[in-house]
Amino acid sequence: MDQQEALTHCITTSNTTLPEIDEPYRGKVRDVYSLNEKTLGIVVTDRISAFDHIMRQAIPFKGQILNQLSEFSFSKVEDIVPSHIIDVPHPNVTIAKKCEPIPIEVVIRGYLTGHAWRVYRSGAREICGVRMPDGMIEHQKFPEPNSHSCHKSDRRSR
């Protein structure tokens with residue numbers, strides 16, 4: 001499959017003709033359908049977001065990779081903590097339990113780019129609790145990746 005053909009097969013939105021299923025919540029990457037009071041149908045699309053903006057161009061098979069990577073990752077911790085996954089009947093689809101999410105996200109940075117660069121350029125030398133040395137340049141690789149967790153909200157605090 002050549003690049004142009006692959007791009008024509010990108011999933012950028014999902015839909016259903018079933019009248020009993022309401023329109024989904026459309027996130028940056030996932031379309032989430034309420035199947036009943038206990039179950040969700042999650043369609044992972046090929047949309048891509050960067051710095052909290054949905055890009056015009058989709059990436060072929062990105063949704064399949066993301067969905068299957070999520071399934072794999074949750075399966076590796078199922079002996080520690082239960083997950084929401086009931087089934088993955090298609091590479092782009094997860095059937096999941098409705099549950100109360102824990103609104104946290106983990107950010108791992110390997111380079112001084114994006115939000116971190118904008119903060120650094122403004123003169124700040126601490127980004128999310130990590131001290132940065134003077135003299136760094138945009139896109140410079142950190143000696144070691146740094147990570148932090150933060151409260152996930154509509155307004156990003158990364």
# chains A, B, ... in the order shown; residues from 1 in each chain; ligands from 1
call {"tool": "residues_around", "arguments": {"residues": "Gly135 (chain A)", "least_positions_apart": "3", "cutoff": "12 Å", "atoms": "only C-alpha atoms", "output": "PyMOL selection string"}}
result
chain A and resi 112+120-121+123+125+132+138+140
call {"tool": "residues_around", "arguments": {"residues": "Ile86 (chain A)", "least_positions_apart": "4", "cutoff": "12 Å", "atoms": "only C-alpha atoms", "output": "list in words"}}
result
Lys38, Thr39, Leu40, Gly41, Ile42, Glu71, Phe74, Ser75, Pro82, Val93, Thr94, Ile95, Ala96, Lys97 and Lys98 of chain A
call {"tool": "write_last_selection", "arguments": {"atoms": "N, CA and C atoms", "output": "CSV table (one decimal), in the first residue's frame"}}
result
chain,number,residue,atom,x,y,z
A,38,LYS,N,-23.7,0.9,31.7
A,38,LYS,CA,-22.5,0.4,32.3
A,38,LYS,C,-21.3,0.3,31.3
A,39,THR,N,-21.6,0.5,30.0
A,39,THR,CA,-20.6,0.1,29.0
A,39,THR,C,-20.4,1.3,28.0
A,40,LEU,N,-19.1,1.4,27.6
A,40,LEU,CA,-18.7,2.4,26.6
A,40,LEU,C,-18.2,1.6,25.4
A,41,GLY,N,-18.3,2.2,24.2
A,41,GLY,CA,-17.6,1.8,23.0
A,41,GLY,C,-16.7,2.9,22.6
A,42,ILE,N,-15.4,2.6,22.6
A,42,ILE,CA,-14.4,3.6,22.3
A,42,ILE,C,-13.7,3.3,21.0
A,71,GLU,N,-4.3,-1.7,25.1
A,71,GLU,CA,-4.7,-3.1,25.6
A,71,GLU,C,-3.5,-3.8,26.1
A,74,PHE,N,-2.4,-2.2,29.6
A,74,PHE,CA,-3.3,-2.6,30.7
A,74,PHE,C,-3.2,-4.0,31.1
A,75,SER,N,-3.0,-4.9,30.1
A,75,SER,CA,-2.9,-6.3,30.4
A,75,SER,C,-1.6,-6.6,31.3
A,82,PRO,N,-7.2,-3.4,38.5
A,82,PRO,CA,-8.2,-3.7,37.5
A,82,PRO,C,-8.3,-2.6,36.5
A,93,VAL,N,-11.2,-0.5,18.2
A,93,VAL,CA,-12.3,-0.4,19.1
A,93,VAL,C,-12.0,-1.1,20.4
A,94,THR,N,-12.4,-0.4,21.5
A,94,THR,CA,-12.3,-1.0,22.8
A,94,THR,C,-13.7,-0.9,23.4
A,95,ILE,N,-14.2,-2.0,24.0
A,95,ILE,CA,-15.4,-2.0,24.8
A,95,ILE,C,-15.0,-2.0,26.2
A,96,ALA,N,-15.5,-1.0,26.9
A,96,ALA,CA,-15.0,-0.7,28.3
A,96,ALA,C,-16.1,-0.5,29.3
A,97,LYS,N,-15.8,-0.7,30.5
A,97,LYS,CA,-16.7,-0.4,31.6
A,97,LYS,C,-16.7,1.1,31.8
A,98,LYS,N,-17.9,1.6,32.1
A,98,LYS,CA,-18.0,3.0,32.5
A,98,LYS,C,-17.4,3.1,33.9
call {"tool": "atom_distance", "arguments": {"atom1": "CA of Ile108 (chain A)", "atom2": "CA of Asn146 (chain A)"}}
result
5.7 Å
call {"tool": "closest_residue", "arguments": {"among": "A:His139, A:Arg26, A:Glu37, A:Ile11", "to": "Gly114 (chain A)", "atoms": "only C-alpha atoms"}}
result
A:His139
call {"tool": "select_by_dssp", "arguments": {"residues": "region 14-155 of chain A", "states": "strand (DSSP E or B)", "output": "ChimeraX atom specification"}}
result
/A:25-26,30-34,39-44,49-50,53-54,85-90,93-97,104-111,126-127,130-131,141-151
call {"tool": "atom_distance", "arguments": {"atom1": "CA of Ile104 (chain A)", "atom2": "CA of Ser149 (chain A)"}}
result
6.6 Å
call {"tool": "select_by_dssp", "arguments": {"residues": "region 67-156 of chain A", "states": "alpha helix (DSSP H)", "output": "list in words"}}
result
Asn67, Gln68, Leu69, Ser70, Glu71, Phe72, Ser73, Phe74, Ser75, Lys76, His115, Ala116, Trp117, Arg118, Val119, Tyr120 and Arg121 of chain A
call {"tool": "residues_around", "arguments": {"residues": "Thr8 (chain A)", "least_positions_apart": "5", "cutoff": "12 Å", "atoms": "only C-alpha atoms", "output": "short mmCIF file (atom, residue, chain, number, x, y, z; two decimals) with C-alpha atoms, in the first residue's frame"}}
result
data_model
loop_
_atom_site.label_atom_id
_atom_site.label_comp_id
_atom_site.auth_asym_id
_atom_site.auth_seq_id
_atom_site.Cartn_x
_atom_site.Cartn_y
_atom_site.Cartn_z
CA MET A 1 0.00 0.00 0.00
CA ASP A 2 1.53 3.31 -1.01
CA GLN A 3 1.34 6.48 1.08
CA ASP A 46 -6.16 8.13 13.26
CA GLN A 57 -3.63 15.32 8.44
CA ALA A 58 -4.34 11.94 10.02
CA ILE A 59 -1.73 9.20 10.40
CA PRO A 60 -2.64 5.85 8.81
CA PHE A 61 -3.12 3.04 11.35
#
call {"tool": "atom_distance", "arguments": {"atom1": "CA of Ser14 (chain A)", "atom2": "CA of Val44 (chain A)"}}
result
9.0 Å
call {"tool": "residues_around", "arguments": {"residues": "Gln64 (chain A)", "least_positions_apart": "4", "cutoff": "7 Å", "atoms": "only C-alpha atoms", "output": "NGL selection string"}}
result
:A and (68 or 91-92)
call {"tool": "decode", "arguments": {"residues": "region 84-107 of chain A", "atoms": "C-alpha atoms", "output": "short mmCIF file (atom, residue, chain, number, x, y, z; two decimals), in the first residue's frame"}}
result
data_model
loop_
_atom_site.label_atom_id
_atom_site.label_comp_id
_atom_site.auth_asym_id
_atom_site.auth_seq_id
_atom_site.Cartn_x
_atom_site.Cartn_y
_atom_site.Cartn_z
CA HIS A 84 -11.83 -0.70 32.32
CA ILE A 85 -11.25 -2.97 29.30
CA ILE A 86 -13.91 -5.60 28.62
CA ASP A 87 -12.95 -6.51 25.05
CA VAL A 88 -11.07 -5.29 21.99
CA PRO A 89 -13.22 -6.67 19.14
CA HIS A 90 -11.45 -4.64 16.43
CA PRO A 91 -8.00 -3.03 16.26
CA ASN A 92 -9.60 0.44 16.52
CA VAL A 93 -12.31 -0.40 19.09
CA THR A 94 -12.33 -1.02 22.84
CA ILE A 95 -15.44 -2.04 24.77
CA ALA A 96 -15.00 -0.72 28.28
CA LYS A 97 -16.70 -0.40 31.64
CA LYS A 98 -17.97 3.04 32.53
CA CYS A 99 -15.99 4.19 35.51
CA GLU A 100 -14.91 7.34 37.26
CA PRO A 101 -11.59 8.40 35.72
CA ILE A 102 -8.66 9.53 37.80
CA PRO A 103 -7.80 12.84 36.14
CA ILE A 104 -4.01 12.61 36.00
CA GLU A 105 -1.58 12.47 33.18
CA VAL A 106 2.11 11.72 32.99
CA VAL A 107 4.35 13.88 30.85
#
